[in-house]
Amino acid sequence: METEEIKIKVGQGTIEEDQWSEESQSSDEEESSREEISQSNVDHTNGTVFVGGQEGFRRIFSNLHPEGKSVNTLARFPKNAIHTTKYKWYNFIFKNIYEQFHRLANFFFLVTALLTLVPNLTNITPVSSISPLLFVLGVTAIKEIYEDLKRARSDSEINGRKALVFKEGEFKQVHWRDIRVGDFVKVPKDEEFPADLALMSSSLSSGVSYIQTANLDGETNLKVRQCLEGTTRFKNPDKISKWRGVLECEQPNKDLYNFDGRIYIKRYEDSTPLSLSNNQILLRGCILKNTEWVIGVAVFTGNDTKVRQNARDPPYKRSSLEKSMNSGLLYLFAFMFLLCLVCAICGVSLASLNDWYLLLPERSAANVTADFFFLLGSYVILYSYMIPISLYVSIEVVKVAQTILIDQDLHMYHEESDTPAKAKTSNLNEELGQIDFVFSDKTGTLTSNIMELMQVSVNGTVYDTTVQSPEETEFATKEKLLQDIQKSETLREFWTLLAVCHTVLPEKDSSVPGGIAYQASSPDEFALVKRAADLDFIFKNRTFNTVQVEHDGKILKYRILNMVDFTSNRKRMSVIVKTPTGKVRLYIKGADNMIFPRLIKTPETEEAAKHLELFASEGLRTLCCAYVDLDATEYEAWNAEYEEANSSVVDRKQRLEEVAEKIERNLTLLGLTAIEDKLQDEVPQTIQALRKANLKIWVLTGDKQETAINIGLSCRLLTDTNLVQFNLANKQINPNTLKDEIMHALGKIESTKKDTLVHEVTDNSLVIDGELLSHILDNPQVEEKFMELALKCKSVVCCRVSPSQKSAVVRCVKEHVAGARTLAIGDGANDVSMIQEAHVGVGIFGKEGMQAAMNSDYAIAQFRFLKSLLLVHGRWSYKRIAKLILYSFYKNMVLSMCLFLFNIYSLFSAQNFFDSWSMTLFNLVFTSVPVMVVAVIDQDVKQRNALKYPQLYRSGQLNEDFTMRELLFWNIIALFEALVIFFGTLLYFGDGVISAREGTFDFASLSHVAFTVVIITVNIKMAISTNYWTWLNTGAILFSVISWFLYSIIYSSDCSFSEDDCYVAQHVWSGPTYWFLIIILTAVCILPEIATIYVRRTYFYRPNHIVQEIQMKIRKEHSKERKMKKRFGPQNILKVTTSSNVDGEEQRPNYGAHTGYAFAESEDAASSLQAALKKKYLRKLTSPRKPKAKSPPPQ
């Protein structure tokens, strides 16, 4: 046919040879080009061209000509230098101080420090009050300086790198910072691209170049970029020098996967633009691989580059425990201020009594008011020690140490990929121990994302592509498939489609079978092309506009006329080719809900629909393949629209989708593909453990409902019973029908409701389609009812959901469930929005790239490691940080209550009871180290038991370890201990006690003894609260106590500095009464602590207490066993043990009165669980011990 001779200009970038004639570079054209440049409608702000009164696209000229360079200069494109530092040398002090005093505690201590400068306001020295604040500010400032200097050095190194830029007829080396928009840049092999470049030419004849994008998206597999056929001649200096064209492109944005632009090779008005897409863009930070060199034009520089556009701080997330801590601080501030008011009022009242013997003059109302505010300021300074100034610094240090332990945990190390866990933030460690909802992607997260084409359906027959023997499958075998291919044209067309309709690129590699290695961005496409090659439809080569397929020893060339890529909206990909027989044919493959509505209905489509359900029920990923032959006239008319849309710089993607809709219709079904994506290791066990931990798991996937259900059943997320599904196939979808369906489901659940927790039925599961979900989320009333239904289910599966719907579902749960803490986990770029929306985001280092991992708070290699991350590290971190906060409040309250009691005793004179320097070091040295060590390494139960009993995780969900009630209890204990310490020392030294040196113990001695008891008591309190002892704990507590005694002897020896405390330590240490009193008072303080622990563990015990007892009994039995082996020998231990049992019955450990009911949801479950614990415990005792394998050190 004559009309079948079709020439494509815009779509594939081809151009007629005569456009390259030397005439195009004539002096007349140069003159007109100058006029064009000078008259160009370019706004002098980033080269913006306005379309329809709105900002449109960027227009770029070559810098090789003075006119073009001047226009680019006037456009004020940003320089290529980057600056990532937070501070400048001239604003560091002001900016850092401003940021630090945004913390309420820091601002409060600044006020108190300033108050100490007021004469006669307090006997606390200004230096001792200001020192802790300066220490905290200094530590934070030093950290900021260190981090900013690292950023500055990195910026300097990057900006100073060398690149090749075309100047004066040759490529010359310049610094990266000196590259400008419009420069021709040459990048050699294994070098980074210094700016965003539009690819013009490559060292490879096909115009192909290979790049590694790991710096952008973390993906290590190579990507392919290919220049347009019309720009391949920009290889020699002569062609580059004479270019007078124009490049137009989109404005700078952060979209890494799309680029819209066009380039004019000749004069602006007379040449046809060539369309530029993401296939011709080389992004800054990527590395050129397997290609000797490429040449490109700089289109974005500096902060306009896509990597800098994406360089945004992730959304700031704060843990629930941190919010509770801030609330606790506010209560403490309120209590402290109330205490100051009471003391000031009492002080003024007592002073106004004016006893006659004092001979004081009459006081006016103004004097009383002045005295009140004077006393109020004094008490604010005095009781400021109630606020733990070092709390923020301690928490930051502890959290950083906890992240190091997460990174180094060998239990979360994936040996196959050499990938450890990575904590990318330290702000949310404790939040990992309080998660209520887990939102998970399916493909690549629950499954391995290693695809294999298992089955196909063509002509109503299902073929198993991996099985040779008929006995192994109920379907037609691979041998039968090979035979039918020779007979069936439809089968051959089906496999041809799979070999042609894709974006895979072949690469010669003698090390692989067949000598061809395929580079594919999608595992699905790789599986399809690989299986087609196995069946003798071998994809051999791809050029600018052709694809070569080898079949039956013949090379078949298909000319690519147009290609419309797969997107998350389209869910399909189509390619229009000119076949070897001269036909214009459209091949298309995609999701069934996108392909089936566009098919011509035949009996084969009805049979294919049944096979589709069959594949989905087996958990296989399905694709539909179809084609349509196009009339040349129809195609040319459509192609004109396509060219216009494809050359558009504004809204290109949307316009292409609209144009594609017009041609993708009246399709003929070729067949179906069914790809298997196997579950990752230990996914069912992990989900089962998370469900036992009372975590509600939602799976959000783009797969079909049947596929998702099958995967849910295989990984134990769903059960066959109590599975709630919406069925609105024959109903009109509107709010009323949705409400009716939801109410029907709620009624069904209520009718089968058992004895369960509120709003929960253990085995109920909900499955919903993305289309219905979109209608639900659009209606607030229906959304509320849906959430009522979803919260009654243990698991929810949302199918056919888009990335935006994933984040919308997470947001919906956060809004409707008060106090719910959410975690989202995924592996692909389509999971990023969900990960950032959740309270905690976990990314998987997946085969779909590392966008999810790079945008997450924590990254792991496989889903199974989530169990350790939550049940072990999350739970430990929550308990450790809670203990750190409670202890920090407690120890400062003990000190402050002693000051308060002394002021009562001294008639509210606002005098200090302790030496001011001792109080300064109280938080910084004498009590800070032990709690920080405990907060890093403490373990209430061992790691294996935290995993063995997931029910232990519920304490974090219920926030049992840090509540206002628990904080109040610790403060009551602190008040009791302060009463014992103050009145104990006061009663003992009330009438003066004679020392060994014939001297009387004075006020300074009394203060010294009380402060010593405070330090020893709070450190012993920390020791009592410690569950896991190592040399670090012991050393930290000894250091704290010993440092106080060393400080006392050194400080009191310098009378010029210590003043009233001169030689106090030597004085009080000389007599035995000092040591006796310390022991007595400390014991009185600690005994109630021990009694409280006993009562709690005996009558108000928690699940972890039971597990601790089991651990202790096991340790005792093992110790007894070792002693018996040492005494009698291993061969006689069984005989001795048996003979010791008089009744001949098995010796069983005594478990005491604990029932362990907290593990279960009913008494029967509690009994069975306790029996299971005993059984497992006994089995461990009676089974022969295996030699210990090499294991990682304890966390």
# chains A, B, ... in the order shown; residues from 1 in each chain; ligands from 1
$ closest_atom_pairs --of "segment 53-170 of chain A" --to "segment 301-306 of chain A" --cutoff "12 Å" --atoms "only C-alpha atoms" --output "tab-separated table"
residue	atom	partner	partner_atom	distance
A:Arg58	CA	A:Asp304	CA	11.8
A:Arg76	CA	A:Thr301	CA	11.3
A:Phe77	CA	A:Thr301	CA	7.7
A:Pro78	CA	A:Gly302	CA	6.1
A:Lys79	CA	A:Gly302	CA	5.6
A:Asn80	CA	A:Gly302	CA	3.8
A:Ala81	CA	A:Gly302	CA	5.4
A:Ile82	CA	A:Gly302	CA	5.5
A:His83	CA	A:Asn303	CA	8.7
A:Thr84	CA	A:Asn303	CA	10.0
A:Asp155	CA	A:Gly302	CA	11.5
A:Ile158	CA	A:Gly302	CA	11.3
A:Asn159	CA	A:Gly302	CA	9.7
$ write_last_selection --atoms "all heavy atoms" --output "compact mmCIF listing (two decimals), in the first residue's frame"
# COMPACT_ATOMS: atom_id res chain seq x y z
N ARG A 58 11.09 26.28 29.66
CA ARG A 58 12.40 26.93 29.61
C ARG A 58 12.96 26.84 28.20
O ARG A 58 12.93 25.79 27.58
CB ARG A 58 13.32 26.25 30.63
CG ARG A 58 14.78 26.59 30.48
CD ARG A 58 15.63 25.91 31.55
NE ARG A 58 15.40 26.50 32.85
CZ ARG A 58 16.23 26.34 33.89
NH1 ARG A 58 17.32 25.59 33.75
NH2 ARG A 58 15.98 26.90 35.04
N ARG A 76 19.40 34.51 33.76
CA ARG A 76 19.81 34.29 35.16
C ARG A 76 19.58 32.85 35.61
O ARG A 76 18.99 32.59 36.67
CB ARG A 76 19.10 35.27 36.09
CG ARG A 76 19.45 36.71 35.84
CD ARG A 76 19.09 37.60 37.01
NE ARG A 76 17.65 37.66 37.21
CZ ARG A 76 16.85 38.54 36.63
NH1 ARG A 76 17.34 39.42 35.80
NH2 ARG A 76 15.55 38.55 36.87
N PHE A 77 20.02 31.92 34.81
CA PHE A 77 20.01 30.53 35.25
C PHE A 77 20.94 30.39 36.44
O PHE A 77 21.99 31.05 36.50
CB PHE A 77 20.47 29.60 34.13
CG PHE A 77 19.54 29.57 32.94
CD1 PHE A 77 19.97 29.97 31.69
CD2 PHE A 77 18.24 29.12 33.08
CE1 PHE A 77 19.12 29.93 30.60
CE2 PHE A 77 17.38 29.07 32.00
CZ PHE A 77 17.81 29.48 30.76
N PRO A 78 20.63 29.54 37.40
CA PRO A 78 21.50 29.42 38.57
C PRO A 78 22.86 28.83 38.21
O PRO A 78 22.98 28.07 37.25
CB PRO A 78 20.73 28.48 39.50
CG PRO A 78 19.81 27.74 38.61
CD PRO A 78 19.46 28.65 37.49
N LYS A 79 23.86 29.19 38.99
CA LYS A 79 25.19 28.62 38.79
C LYS A 79 25.17 27.15 39.19
O LYS A 79 24.26 26.68 39.89
CB LYS A 79 26.22 29.38 39.61
CG LYS A 79 26.37 30.84 39.19
CD LYS A 79 27.40 31.55 40.06
CE LYS A 79 27.54 33.01 39.64
NZ LYS A 79 28.53 33.73 40.47
N ASN A 80 26.20 26.44 38.78
CA ASN A 80 26.23 24.99 39.04
C ASN A 80 26.81 24.64 40.41
O ASN A 80 26.85 23.48 40.78
CB ASN A 80 27.04 24.28 37.94
CG ASN A 80 26.71 22.79 37.88
OD1 ASN A 80 25.56 22.40 38.01
ND2 ASN A 80 27.74 21.97 37.71
N ALA A 81 27.28 25.65 41.14
CA ALA A 81 27.79 25.39 42.49
C ALA A 81 26.62 25.11 43.43
O ALA A 81 25.55 25.71 43.31
CB ALA A 81 28.60 26.58 42.99
N ILE A 82 26.83 24.19 44.36
CA ILE A 82 25.79 23.87 45.34
C ILE A 82 26.31 24.19 46.74
O ILE A 82 27.52 24.13 47.01
CB ILE A 82 25.37 22.39 45.27
CG1 ILE A 82 26.56 21.47 45.56
CG2 ILE A 82 24.75 22.07 43.94
CD1 ILE A 82 26.17 20.05 45.76
N HIS A 83 25.39 24.56 47.62
CA HIS A 83 25.73 24.87 49.01
C HIS A 83 24.68 24.21 49.90
O HIS A 83 23.51 24.60 49.88
CB HIS A 83 25.76 26.37 49.23
CG HIS A 83 26.74 27.10 48.37
ND1 HIS A 83 28.09 27.10 48.61
CD2 HIS A 83 26.55 27.82 47.22
CE1 HIS A 83 28.71 27.81 47.68
NE2 HIS A 83 27.81 28.24 46.81
N THR A 84 25.10 23.22 50.65
CA THR A 84 24.17 22.47 51.51
C THR A 84 24.37 22.80 52.98
O THR A 84 23.74 22.18 53.83
CB THR A 84 24.36 20.96 51.31
OG1 THR A 84 25.71 20.59 51.66
CG2 THR A 84 24.10 20.58 49.86
N ASP A 155 30.75 20.03 49.97
CA ASP A 155 30.39 20.99 48.92
C ASP A 155 31.62 21.46 48.16
O ASP A 155 31.61 21.56 46.92
CB ASP A 155 29.67 22.19 49.53
CG ASP A 155 28.30 21.84 50.07
OD1 ASP A 155 27.80 20.74 49.74
OD2 ASP A 155 27.72 22.65 50.82
N ILE A 158 32.92 18.72 45.82
CA ILE A 158 32.07 18.51 44.65
C ILE A 158 32.17 19.68 43.67
O ILE A 158 32.32 19.49 42.46
CB ILE A 158 30.60 18.30 45.09
CG1 ILE A 158 30.47 16.96 45.84
CG2 ILE A 158 29.66 18.32 43.90
CD1 ILE A 158 29.11 16.75 46.46
N ASN A 159 32.10 20.89 44.18
CA ASN A 159 32.15 22.06 43.31
C ASN A 159 33.50 22.22 42.62
O ASN A 159 33.59 22.85 41.56
CB ASN A 159 31.84 23.34 44.10
CG ASN A 159 30.41 23.37 44.60
OD1 ASN A 159 29.52 22.80 43.98
ND2 ASN A 159 30.17 24.03 45.73
$ atom_distance --atom1 "atom CA of Val832 of chain A" --atom2 "atom CA of Ala852 of chain A"
5.3 Å
$ closest_residue --among "A:Leu723, A:Leu453, A:Ile404, A:Leu134" --to "Leu110 of chain A" --atoms "only C-alpha atoms"
A:Leu134
$ closest_residue --among "A:Gln1111, A:Asn215, A:Thr477, A:Ser510" --to "Asn310 of chain A" --atoms "only C-alpha atoms"
A:Asn215
$ residues_around --residues "Leu921 of chain A" --least-positions-apart "6" --cutoff "12 Å" --atoms "only C-alpha atoms" --output "list in words"
Ser128, Ser129, Ser131, Pro132, Leu133, Phe135, Tyr385, Ile389, Ser390, Phe914, Asp915, Thr927, Ser928, Val929, Phe1011, Ile1015, Ser1040, Ser1043, Trp1044, Tyr1047 and Ser1048 of chain A
$ select_by_dssp --residues "segment 260-398 of chain A" --states "helix (DSSP H, G or I)" --output "number ranges by chain"
A: 278-280, 302-304, 306-309, 320-351, 356-358, 365-386, 391-398
$ atom_distance --atom1 "atom CA of Thr1073 of chain A" --atom2 "atom CA of Ser896 of chain A"
25.6 Å
$ closest_residue --among "A:Thr737, A:Gln781, A:Thr461, A:Ile973" --to "Pro1088 of chain A" --atoms "only C-alpha atoms"
A:Ile973
$ select_by_dssp --residues "segment 446-537 of chain A" --states "strand (DSSP E)" --output "JSON, numbers by chain"
{"A": [447, 448, 449, 450, 451, 452, 453, 454, 455, 456, 457, 458, 461, 462, 463, 464, 505, 506, 507, 508, 516, 517, 518, 519]}
$ write_last_selection --atoms "N, CA, C and O atoms" --output "CSV table (one decimal), in the first residue's frame"
chain,number,residue,atom,x,y,z
A,447,THR,N,6.5,-10.7,49.1
A,447,THR,CA,7.1,-11.6,48.1
A,447,THR,C,8.5,-11.2,47.7
A,447,THR,O,9.0,-10.1,48.0
A,448,SER,N,9.2,-12.1,47.0
A,448,SER,CA,10.6,-11.9,46.8
A,448,SER,C,10.9,-11.0,45.6
A,448,SER,O,12.0,-10.6,45.3
A,449,ASN,N,9.9,-10.8,44.7
A,449,ASN,CA,10.0,-10.0,43.5
A,449,ASN,C,11.0,-10.6,42.5
A,449,ASN,O,11.6,-9.9,41.7
A,450,ILE,N,11.1,-11.9,42.6
A,450,ILE,CA,11.8,-12.7,41.6
A,450,ILE,C,10.8,-13.4,40.7
A,450,ILE,O,10.2,-14.4,41.2
A,451,MET,N,10.6,-12.9,39.5
A,451,MET,CA,9.4,-13.3,38.7
A,451,MET,C,9.8,-14.5,37.8
A,451,MET,O,10.9,-14.6,37.3
A,452,GLU,N,8.9,-15.4,37.6
A,452,GLU,CA,9.0,-16.5,36.7
A,452,GLU,C,7.7,-16.7,36.0
A,452,GLU,O,6.7,-16.9,36.7
A,453,LEU,N,7.7,-16.7,34.7
A,453,LEU,CA,6.4,-17.0,33.9
A,453,LEU,C,6.1,-18.5,34.0
A,453,LEU,O,6.8,-19.3,33.5
A,454,MET,N,5.0,-18.8,34.7
A,454,MET,CA,4.7,-20.2,35.0
A,454,MET,C,3.7,-20.7,34.0
A,454,MET,O,3.9,-21.8,33.4
A,455,GLN,N,2.7,-20.0,33.7
A,455,GLN,CA,1.6,-20.5,32.8
A,455,GLN,C,1.1,-19.4,31.9
A,455,GLN,O,1.2,-18.2,32.2
A,456,VAL,N,0.6,-19.8,30.8
A,456,VAL,CA,-0.1,-18.9,29.8
A,456,VAL,C,-1.4,-19.5,29.3
A,456,VAL,O,-1.5,-20.7,29.4
A,457,SER,N,-2.3,-18.7,28.9
A,457,SER,CA,-3.6,-19.1,28.3
A,457,SER,C,-3.7,-18.5,27.0
A,457,SER,O,-3.8,-17.3,26.8
A,458,VAL,N,-3.8,-19.4,26.0
A,458,VAL,CA,-3.9,-18.9,24.6
A,458,VAL,C,-4.9,-19.9,23.9
A,458,VAL,O,-4.8,-21.1,24.0
A,461,THR,N,-6.6,-22.6,25.9
A,461,THR,CA,-5.8,-23.7,26.5
A,461,THR,C,-4.8,-23.1,27.4
A,461,THR,O,-4.1,-22.1,27.1
A,462,VAL,N,-4.6,-23.7,28.6
A,462,VAL,CA,-3.6,-23.3,29.6
A,462,VAL,C,-2.4,-24.1,29.4
A,462,VAL,O,-2.4,-25.4,29.5
A,463,TYR,N,-1.2,-23.5,29.2
A,463,TYR,CA,0.0,-24.2,29.1
A,463,TYR,C,0.9,-23.9,30.3
A,463,TYR,O,1.0,-22.8,30.8
A,464,ASP,N,1.5,-24.9,30.8
A,464,ASP,CA,2.5,-24.8,31.9
A,464,ASP,C,3.9,-24.7,31.2
A,464,ASP,O,4.4,-25.7,30.7
A,505,LEU,N,16.5,-3.9,27.1
A,505,LEU,CA,17.6,-3.8,26.2
A,505,LEU,C,18.5,-5.0,26.3
A,505,LEU,O,18.9,-5.4,27.4
A,506,PRO,N,18.9,-5.5,25.1
A,506,PRO,CA,19.8,-6.7,25.2
A,506,PRO,C,21.3,-6.2,25.2
A,506,PRO,O,21.6,-5.1,24.7
A,507,GLU,N,22.1,-7.0,25.8
A,507,GLU,CA,23.6,-6.8,25.9
A,507,GLU,C,24.3,-8.1,25.7
A,507,GLU,O,24.0,-9.1,26.3
A,508,LYS,N,25.3,-8.1,24.8
A,508,LYS,CA,26.0,-9.3,24.5
A,508,LYS,C,26.9,-9.6,25.7
A,508,LYS,O,27.6,-8.8,26.3
A,516,ILE,N,23.2,-13.5,25.4
A,516,ILE,CA,22.6,-12.2,25.5
A,516,ILE,C,22.1,-12.0,26.9
A,516,ILE,O,21.4,-12.9,27.5
A,517,ALA,N,22.5,-10.9,27.5
A,517,ALA,CA,22.0,-10.5,28.9
A,517,ALA,C,21.0,-9.4,28.7
A,517,ALA,O,21.2,-8.5,27.9
A,518,TYR,N,19.9,-9.5,29.4
A,518,TYR,CA,18.8,-8.5,29.2
A,518,TYR,C,18.9,-7.5,30.4
A,518,TYR,O,18.9,-7.9,31.6
A,519,GLN,N,18.8,-6.2,30.1
A,519,GLN,CA,18.7,-5.2,31.1
A,519,GLN,C,17.3,-4.7,31.2
A,519,GLN,O,16.7,-4.1,30.2
$ atom_distance --atom1 "atom CA of Thr112 of chain A" --atom2 "atom CA of Ile124 of chain A"
10.7 Å
$ closest_residue --among "A:Pro252, A:Pro119, A:Gly619, A:Pro420" --to "Ala708 of chain A" --atoms "only C-alpha atoms"
A:Gly619
$ closest_residue --among "A:Gly874, A:Gly712, A:Gly671, A:Gly702" --to "Glu493 of chain A" --atoms "only C-alpha atoms"
A:Gly671
$ residues_around --residues "Val181 of chain A" --least-positions-apart "4" --cutoff "8 Å" --atoms "only C-alpha atoms" --output "VMD selection string"
chain A and resid 60 63 72 77 297 to 301
$ closest_residue --among "A:Lys254, A:Lys323, A:Arg180, A:Arg875" --to "Gln434 of chain A" --atoms "only C-alpha atoms"
A:Arg875
$ residues_around --residues "Met336 of chain A" --least-positions-apart "4" --cutoff "7 Å" --atoms "only C-alpha atoms" --output "ChimeraX atom specification"
/A:332,340,383
$ write_last_selection --atoms "N, CA and C atoms" --output "tab-separated table (two decimals), in the first residue's frame"
chain	number	residue	atom	x	y	z
A	332	LEU	N	5.54	19.43	85.21
A	332	LEU	CA	6.60	19.70	86.18
A	332	LEU	C	6.85	21.19	86.30
A	340	CYS	N	6.90	27.55	93.92
A	340	CYS	CA	7.55	28.85	94.10
A	340	CYS	C	6.57	29.88	94.65
A	383	TYR	N	14.55	26.18	92.74
A	383	TYR	CA	13.84	24.97	92.32
A	383	TYR	C	14.03	24.65	90.84
$ residues_around --residues "Ile904 of chain A" --least-positions-apart "6" --cutoff "12 Å" --atoms "only C-alpha atoms" --output "PDB file with N, CA, C and O atoms, in the first residue's frame"
ATOM      1  N   LEU A 339       4.898  25.684  93.469  1.00  0.00           N
ATOM      2  CA  LEU A 339       5.723  25.569  94.665  1.00  0.00           C
ATOM      3  C   LEU A 339       6.413  26.892  94.965  1.00  0.00           C
ATOM      4  O   LEU A 339       6.511  27.321  96.129  1.00  0.00           O
ATOM      5  N   VAL A 342       3.817  29.315  96.448  1.00  0.00           N
ATOM      6  CA  VAL A 342       3.485  28.976  97.838  1.00  0.00           C
ATOM      7  C   VAL A 342       4.605  29.404  98.769  1.00  0.00           C
ATOM      8  O   VAL A 342       4.371  30.023  99.827  1.00  0.00           O
ATOM      9  N   CYS A 343       5.849  29.069  98.372  1.00  0.00           N
ATOM     10  CA  CYS A 343       6.990  29.420  99.223  1.00  0.00           C
ATOM     11  C   CYS A 343       7.159  30.931  99.330  1.00  0.00           C
ATOM     12  O   CYS A 343       7.481  31.460 100.410  1.00  0.00           O
ATOM     13  N   ALA A 344       6.968  31.646  98.225  1.00  0.00           N
ATOM     14  CA  ALA A 344       7.097  33.102  98.269  1.00  0.00           C
ATOM     15  C   ALA A 344       6.024  33.720  99.154  1.00  0.00           C
ATOM     16  O   ALA A 344       6.296  34.643  99.939  1.00  0.00           O
ATOM     17  N   CYS A 346       4.426  32.230 101.629  1.00  0.00           N
ATOM     18  CA  CYS A 346       4.745  31.880 103.023  1.00  0.00           C
ATOM     19  C   CYS A 346       5.904  32.729 103.543  1.00  0.00           C
ATOM     20  O   CYS A 346       5.898  33.172 104.706  1.00  0.00           O
ATOM     21  N   GLY A 347       6.903  32.950 102.717  1.00  0.00           N
ATOM     22  CA  GLY A 347       8.041  33.756 103.142  1.00  0.00           C
ATOM     23  C   GLY A 347       7.645  35.178 103.469  1.00  0.00           C
ATOM     24  O   GLY A 347       8.075  35.741 104.491  1.00  0.00           O
ATOM     25  N   LEU A 350       5.505  35.201 106.765  1.00  0.00           N
ATOM     26  CA  LEU A 350       6.289  35.045 107.981  1.00  0.00           C
ATOM     27  C   LEU A 350       7.090  36.303 108.290  1.00  0.00           C
ATOM     28  O   LEU A 350       7.263  36.685 109.455  1.00  0.00           O
ATOM     29  N   MET A 897      13.202  18.225  96.445  1.00  0.00           N
ATOM     30  CA  MET A 897      12.391  18.101  97.655  1.00  0.00           C
ATOM     31  C   MET A 897      13.239  18.305  98.912  1.00  0.00           C
ATOM     32  O   MET A 897      12.732  18.806  99.929  1.00  0.00           O
ATOM     33  N   CYS A 898      14.492  17.928  98.856  1.00  0.00           N
ATOM     34  CA  CYS A 898      15.380  18.228  99.985  1.00  0.00           C
ATOM     35  C   CYS A 898      15.534  19.740 100.145  1.00  0.00           C
ATOM     36  O   CYS A 898      15.534  20.264 101.268  1.00  0.00           O
ATOM     37  N   ALA A 910      14.443  31.016 101.386  1.00  0.00           N
ATOM     38  CA  ALA A 910      14.970  30.851 100.012  1.00  0.00           C
ATOM     39  C   ALA A 910      16.478  30.610 100.007  1.00  0.00           C
ATOM     40  O   ALA A 910      17.171  31.000  99.065  1.00  0.00           O
ATOM     41  N   GLN A 911      16.966  29.966 101.063  1.00  0.00           N
ATOM     42  CA  GLN A 911      18.393  29.648 101.125  1.00  0.00           C
ATOM     43  C   GLN A 911      18.658  28.250 100.554  1.00  0.00           C
ATOM     44  O   GLN A 911      17.786  27.383 100.572  1.00  0.00           O
ATOM     45  N   ASN A 912      19.871  28.087 100.078  1.00  0.00           N
ATOM     46  CA  ASN A 912      20.252  26.812  99.453  1.00  0.00           C
ATOM     47  C   ASN A 912      20.745  25.840 100.516  1.00  0.00           C
ATOM     48  O   ASN A 912      21.481  26.229 101.432  1.00  0.00           O
ATOM     49  N   PHE A 913      20.333  24.600 100.369  1.00  0.00           N
ATOM     50  CA  PHE A 913      20.743  23.572 101.328  1.00  0.00           C
ATOM     51  C   PHE A 913      22.081  22.939 100.944  1.00  0.00           C
ATOM     52  O   PHE A 913      22.870  22.575 101.806  1.00  0.00           O
ATOM     53  N   LEU A 979      12.216  13.084 102.365  1.00  0.00           N
ATOM     54  CA  LEU A 979      11.831  13.203 103.773  1.00  0.00           C
ATOM     55  C   LEU A 979      12.778  12.414 104.669  1.00  0.00           C
ATOM     56  O   LEU A 979      13.224  12.906 105.715  1.00  0.00           O
ATOM     57  N   PHE A 982      16.402  14.199 104.570  1.00  0.00           N
ATOM     58  CA  PHE A 982      16.508  15.494 105.252  1.00  0.00           C
ATOM     59  C   PHE A 982      16.287  15.357 106.762  1.00  0.00           C
ATOM     60  O   PHE A 982      17.114  15.792 107.570  1.00  0.00           O
ATOM     61  N   PHE A 983      15.157  14.770 107.146  1.00  0.00           N
ATOM     62  CA  PHE A 983      14.869  14.700 108.576  1.00  0.00           C
ATOM     63  C   PHE A 983      15.757  13.681 109.272  1.00  0.00           C
ATOM     64  O   PHE A 983      16.025  13.816 110.481  1.00  0.00           O
TER      65      PHE A 983
END
$ residues_around --residues "His873 of chain A" --least-positions-apart "6" --cutoff "8 Å" --atoms "only C-alpha atoms" --output "list in words"
Ile406, Asn429, Leu432 and Gly433 of chain A
$ write_last_selection --atoms "C-alpha atoms" --output "PDB file, in the first residue's frame"
ATOM      1  CA  ILE A 406      20.197  -1.744  65.253  1.00  0.00           C
ATOM      2  CA  ASN A 429      13.433   4.190  68.160  1.00  0.00           C
ATOM      3  CA  LEU A 432       8.949   1.065  67.111  1.00  0.00           C
ATOM      4  CA  GLY A 433       7.857  -0.439  70.415  1.00  0.00           C
TER       5      GLY A 433
END
